[in-house]
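Note sheet for the following structure.
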Amino acid sequence: MKHWLVLILTIAVHAQDRGPRIEAAAPGIFRPYSPENVALPSFENSPRFHDLLRGGTLPLSLSDAISLAIENNLDVQLERYAIPLARTESRRAKGGGLPRGILFTLAQPPAGVGGPQSPLLTQAATQSTPGTTVASNALELGVLGEPQVNLSMLGTIALSAGSPLPAFDPLLAANYSWTHQTTDEVVPISTGVPVLKSNVTTGNVGVNQGFSTGANVNLSFNNTETNSNATTFVVNPYITSDVALTLTQPLLRGFGRRVNRRFIRIAAGEEKISSLLFRQQLIEVVYGVVRLYTDLVALAEDVKVKEETLAFAQKLLEDNEAQVEEGTLAPLELSRARAQVSASRQDLINSRGLLAEQEAILKNVLTRRGAEDAEVRNARIIPTDSLPVPDAEPPQPIEQLLAGAYKLRPDLQQAGIQVEISRESLEGSRNNLRPDLDLVGAAQNNALAGQPLVIGAPAGFSGGYGTVLDQLATRKNPTYAIGFQLNLPLRNRIARADAVRDELQVRQTQIRERQLRNQAQLEVQDALIALERARASYEAAAETRKLQEQSLALEQTRYNEGVSTTFFVIQYQSYVAQARSAEVAAQSAYAKAKAALQRAVGSILEDRGVQIPTP
């Protein structure tokens with residue numbers, strides 16, 4: 001039994017590591033009015049990349065590749081910004097604002113050129129008859145592009161806003177003004193002068209605050225001083241002031257903490273979703289790196305196979321040349337040997353080209369600037385890990401795998417939160433169907449003071465601003481009011497349409513969640529079948545390679561004894577080359593199938609040594 005050791009590098013993936021740095025606003029009273037600046041993103045590679053370089057080469061293990069991707073991959077860095085972005089949703093909702101929404105689109109690493117059985121090749125790697133491979137164009141096959149996946153359950157049409165929310169952040173309003181006014185009097189007797197000249201100074205201040213019950217409270221303090229040249233006024237100049245408290249409490253539409261705090265709960269759900277989307281992006285990138293690295297190892301192994309095939313063909317050509325010179329071999333065999341050398345050289349050129357293309361794709365995934373960085377562009381990746389296949393596969397019951405997928409897969413978890421968010425929003429739509437009935441209460445104290453011009457004027461009005469404040473404090477002139485305000489839409493078609501549409505969309509999210517769950521089940525089943533098939537294929541390919549090597553050795557012995565020809569030796573050598581490439585491809589397929597099963601279950605991060613600390 002073979003034993004192989006997987007060295008797991010534990011990587012702490014902090015949400016803020018190499019992520020957006022937010023500079024704090026100005027302290028003190030100016031903090032609410034100062035912006036929080038977000039630092040520019042860094043496009044420099046992490047120190048790990050430079051530490052791994054060795055004289056222009058990059059010895060790279062799979063764990064190193066995963067580490068570099070987590071530290072540098074731009075898709076991961078992009079998703080890091082979604083976490084603090086979702087926090088702004090909570091801050092906005094706590095102030096009484098509507099969430100602006102988050103993006104559910106994730107990027108998957110490119111497919112790459114594949115292993116030895118690459119789609120870039122229009123024929124098999126080697127033929128039973130003399131032949132070669134023809135490379136196609138990577139761009140035509142879409143192996144360089146990054147597929148996008150959208151995990152939104154709601155689609156592109158958002159739910160309605162529902163009943164309006166109170167403003168939870170208090171608002172202080174103040175104004176001061178001075179006005180000089182000159183007016184020709186039509187009836188001078190009313191003012192005692194033909195031209196009225198007045199100076200009016202106004203100073204008001206008020207506070208408005210909304211509460212989660214739907215109530216809105218307004219407290220205002222208003223002051224006006226008037227000084228004119230009128231001679232008939234009882235008091236001139238005079239000051240009027242009032243302190244007013246107004247309370248408006250919805251009784252139907254917009255009533256209750258549950259409906260008015262719905263967007264706070266929605267924003268909290270979006271925060272959870274952003275963390276799950278970050279984890280899902282990590283899964284996509286780690287799985288993509290495993291695929292790309294595995295194919296790189298397979299392509300590097302295939303290059304060795306092609307080099308050995310070319311070396312064998314050249315050795316056969318040299319032997320044939322010697323026999324032709326001695327006259328013991330027909331010149332036709334020499335032509336066949338030369339054709340095989342040419343075909344083997346073409347296969348080697350193609351394999352090296354595929355390896356170089358795969359290397360370029362992998363470097364673009366592992367770095368921030370890709371080929372723009374000369375150090376990255378000139379570095380040659382030397383994969384240090386092999387493609388081991390264990391002797392036996394531990395039993396993996398499908399029920400256990402599915403239970404793990406339901407528990408671990410972040411795409412399923414965030415889908416469930418999206419369904420809950422849609423239900424929360426539906427409450428607002430249903431509440432918006434109710435009539436607008438408000439209880440309105442008001443209390444106000446009024447004051448008036450000034451300089452009496454008429455003998456016998458009430459003494460209580462005599463004085464200045466101190467008299468005004470005294471009147472307000474003793475509630476000398478109070479005013480009270482209470483009442484109801486009703487707005488009753490007679491058909492209410494807009495609210496009814498929004499409510500039924502939002503409920504239909506909620507049902508759609510439930511269906512989409514079920515589709516995603518079914519897709520996850522299918523992925524687990526398919527990955528398990530693919531893993532079993534890959535193991536069986538590898539075992540068959542390994543056995544075929546052994547038998548073909550034995551056949552080639554036997555045919556080589558027959559050729560050396562003069563009872564076989566170059567044609568048959570070349571044919572068996574082609575069989576061996578094909579069998580070796582098939583074995584490498586089978587090893588690669590097994591490694592990728594293993595990773596696909598880990599991704600389908602949702603355990604690939606933990607299985608590959610990536611740990612995300614709990615916030």
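Following the order of the structure tokens, chains are lettered A, B, ..., residues in each are numbered from 1, and ligands are numbered from 1.
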- Item | DSSP helix (DSSP H, G or I) selection over range 326-501 of chain A, as a ChimeraX atom specification | /A:326,331-366,370-372,374-378,398-408,410-431,459-461,465-473,493-501
Can you tell me, as an mmCIF file with C-alpha atoms, in the first residue's frame, what residues are no more than 9 Å from range 73-84 of chain A when counting only C-alpha atoms, ignoring any on the same chain fewer than 6 positions away?
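What ended up in selection-v4.cif:
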```cif
data_model
loop_
_atom_site.group_PDB
_atom_site.id
_atom_site.type_symbol
_atom_site.label_atom_id
_atom_site.label_comp_id
_atom_site.auth_asym_id
_atom_site.auth_seq_id
_atom_site.Cartn_x
_atom_site.Cartn_y
_atom_site.Cartn_z
ATOM 1 C CA ALA A 15 -11.521 39.837 5.828
ATOM 2 C CA GLN A 16 -9.333 42.923 6.183
ATOM 3 C CA ASP A 17 -6.011 41.336 5.147
ATOM 4 C CA ARG A 18 -4.840 43.182 2.051
ATOM 5 C CA GLY A 19 -8.399 44.432 1.775
ATOM 6 C CA PRO A 20 -9.848 47.949 1.827
ATOM 7 C CA ILE A 22 -10.954 52.809 5.705
ATOM 8 C CA PRO A 41 -6.182 49.443 -3.738
ATOM 9 C CA PHE A 43 -1.575 46.200 -6.990
ATOM 10 C CA ILE A 102 -25.343 44.226 -2.718
ATOM 11 C CA LEU A 103 -23.992 42.343 -5.720
ATOM 12 C CA LEU A 106 -18.866 35.970 -8.417
ATOM 13 C CA ALA A 107 -16.074 35.129 -10.836
ATOM 14 C CA GLN A 108 -14.594 31.706 -11.429
ATOM 15 C CA PRO A 109 -10.973 31.246 -12.542
ATOM 16 C CA GLU A 271 -23.885 41.482 6.092
ATOM 17 C CA LYS A 272 -24.113 37.723 6.652
ATOM 18 C CA ILE A 273 -24.535 37.171 2.924
ATOM 19 C CA SER A 274 -21.432 39.247 2.124
ATOM 20 C CA SER A 275 -19.330 37.005 4.386
ATOM 21 C CA LEU A 277 -20.192 35.304 -0.716
ATOM 22 C CA PHE A 278 -16.584 35.967 0.273
ATOM 23 C CA GLN A 281 -15.447 33.313 -3.889
ATOM 24 C CA LEU A 282 -12.602 31.696 -1.970
ATOM 25 C CA VAL A 285 -10.647 30.484 -6.528
ATOM 26 C CA ASN A 364 -2.392 35.636 -13.910
ATOM 27 C CA VAL A 365 -4.587 33.995 -11.245
ATOM 28 C CA LEU A 366 -1.850 34.113 -8.590
ATOM 29 C CA THR A 367 -0.676 37.708 -9.088
ATOM 30 C CA ARG A 368 -2.127 41.197 -9.142
#
```
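Using only C-alpha atoms, the contacts of Leu486 in chain A at a cut-off of 8 Å, with sequence neighbours closer than 6 positions omitted, comprise Pro435, Asp436, Leu437 and Asp438 of chain A.
Residues of range 215-294 of chain A assigned to strand (DSSP E) by DSSP on this structure's backbone: Asn216, Val217, Asn218, Leu219, Ser220, Phe221, Asn222, Asn223, Thr224, Glu225, Thr226, Asn227, Ser228, Val235, Asn236, Pro237, Tyr238, Ile239, Thr240, Ser241, Asp242, Val243, Ala244, Leu245, Thr246, Leu247, Thr248, Gln249 and Pro250 of chain A.
Considering the residues A:Leu299, A:Val601, A:Val186, A:Leu354 and counting only C-alpha atoms, Ser588 in chain A has its shortest atom-to-atom contact with A:Leu299.
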Nearby residues (only C-alpha atoms) at most 7 Å from Thr201 in chain A, same-chain spacing under 2 positions excluded, as a short mmCIF file (atom, residue, chain, number, x, y, z; two decimals) with N, CA and C atoms, in the first residue's frame:
```
data_model
loop_
_atom_site.label_atom_id
_atom_site.label_comp_id
_atom_site.auth_asym_id
_atom_site.auth_seq_id
_atom_site.Cartn_x
_atom_site.Cartn_y
_atom_site.Cartn_z
N SER A 177 -32.88 85.17 10.62
CA SER A 177 -33.01 86.13 9.51
C SER A 177 -33.36 87.51 10.05
N TRP A 178 -32.98 88.55 9.30
CA TRP A 178 -33.33 89.94 9.60
C TRP A 178 -33.91 90.54 8.33
N THR A 179 -35.04 91.18 8.47
CA THR A 179 -35.73 91.74 7.31
C THR A 179 -36.12 93.19 7.59
N ASN A 199 -38.63 96.52 11.03
CA ASN A 199 -37.49 95.61 11.06
C ASN A 199 -37.92 94.34 11.81
N GLY A 203 -35.52 84.13 14.80
CA GLY A 203 -34.58 83.07 15.19
C GLY A 203 -35.33 81.85 15.67
N THR A 224 -39.66 85.84 17.23
CA THR A 224 -39.72 86.91 16.25
C THR A 224 -39.77 88.25 16.99
N GLU A 225 -38.89 89.18 16.62
CA GLU A 225 -38.87 90.53 17.18
C GLU A 225 -39.22 91.52 16.07
N THR A 226 -40.22 92.38 16.33
CA THR A 226 -40.68 93.36 15.34
C THR A 226 -40.54 94.76 15.92
#
```
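Shortest atom-to-atom contact with Lys363 in chain A among A:Leu68, A:Leu504, A:Leu332, A:Val524: A:Leu68, counting only C-alpha atoms.
Closest approach to Asn222 in chain A among A:Leu348, A:Leu472, A:Ile604, A:Ala595 is made by A:Leu472 (distances from only C-alpha atoms).
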- Rank A:Thr246, A:Asn150, A:Gln418, A:Ser425 by their smallest atom-to-atom distance to Glu513 in chain A, using only C-alpha atoms, and report the top residue only. A:Gln418
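Among the candidate residues A:Gln525, A:Asn560, A:Ser220, A:Gln314, the one lying nearest to Leu401 in chain A is A:Gln525, with distances computed using only C-alpha atoms.
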- Item | Pick from A:Gln510, A:Ser551, A:Thr294, A:Gln471, whichever lies nearest to Tyr590 in chain A using only C-alpha atoms | A:Thr294
- Query: Residues at most 7 Å from Pro194 in chain A, counting only C-alpha atoms, excluding those fewer than 3 positions away in the same chain, as a PyMOL selection string?
  - Reply: chain A and resi 184-185+188
Residues from last step as file, N, CA and C atoms, as a short mmCIF file (atom, residue, chain, number, x, y, z; two decimals), in the first residue's frame:
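As a result, again.cif now contains:
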```cif
data_model
loop_
_atom_site.label_atom_id
_atom_site.label_comp_id
_atom_site.auth_asym_id
_atom_site.auth_seq_id
_atom_site.Cartn_x
_atom_site.Cartn_y
_atom_site.Cartn_z
N ASP A 184 -46.04 101.44 1.77
CA ASP A 184 -46.97 102.56 1.74
C ASP A 184 -48.31 102.10 2.27
N GLU A 185 -48.84 102.85 3.25
CA GLU A 185 -50.09 102.46 3.88
C GLU A 185 -51.28 103.06 3.13
N PRO A 188 -53.67 104.94 6.44
CA PRO A 188 -52.66 105.31 7.44
C PRO A 188 -53.17 105.26 8.87
#
```
Determine, counting only C-alpha atoms, which protein, DNA and RNA residues have an atom within 10 Å of an atom of Asp607 in chain A; residues of the same chain fewer than 3 positions away are not included. Present the result as a PDB file with C-alpha atoms, in the first residue's frame.
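See around_26.pdb below for the written result:
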```
ATOM      1  CA  ILE A   8      -1.495  21.329   4.731  1.00  0.00           C
ATOM      2  CA  ALA A 595     -11.258  18.658  -5.818  1.00  0.00           C
ATOM      3  CA  GLN A 598     -14.653  18.773  -2.147  1.00  0.00           C
ATOM      4  CA  ARG A 599     -16.104  21.839  -3.845  1.00  0.00           C
ATOM      5  CA  GLY A 602     -18.277  22.732   0.408  1.00  0.00           C
ATOM      6  CA  SER A 603     -15.292  21.386   2.363  1.00  0.00           C
ATOM      7  CA  ILE A 604     -12.517  22.319  -0.066  1.00  0.00           C
ATOM      8  CA  VAL A 610      -7.634  27.334   4.412  1.00  0.00           C
ATOM      9  CA  GLN A 611      -9.234  28.608   7.600  1.00  0.00           C
TER      10      GLN A 611
END
```
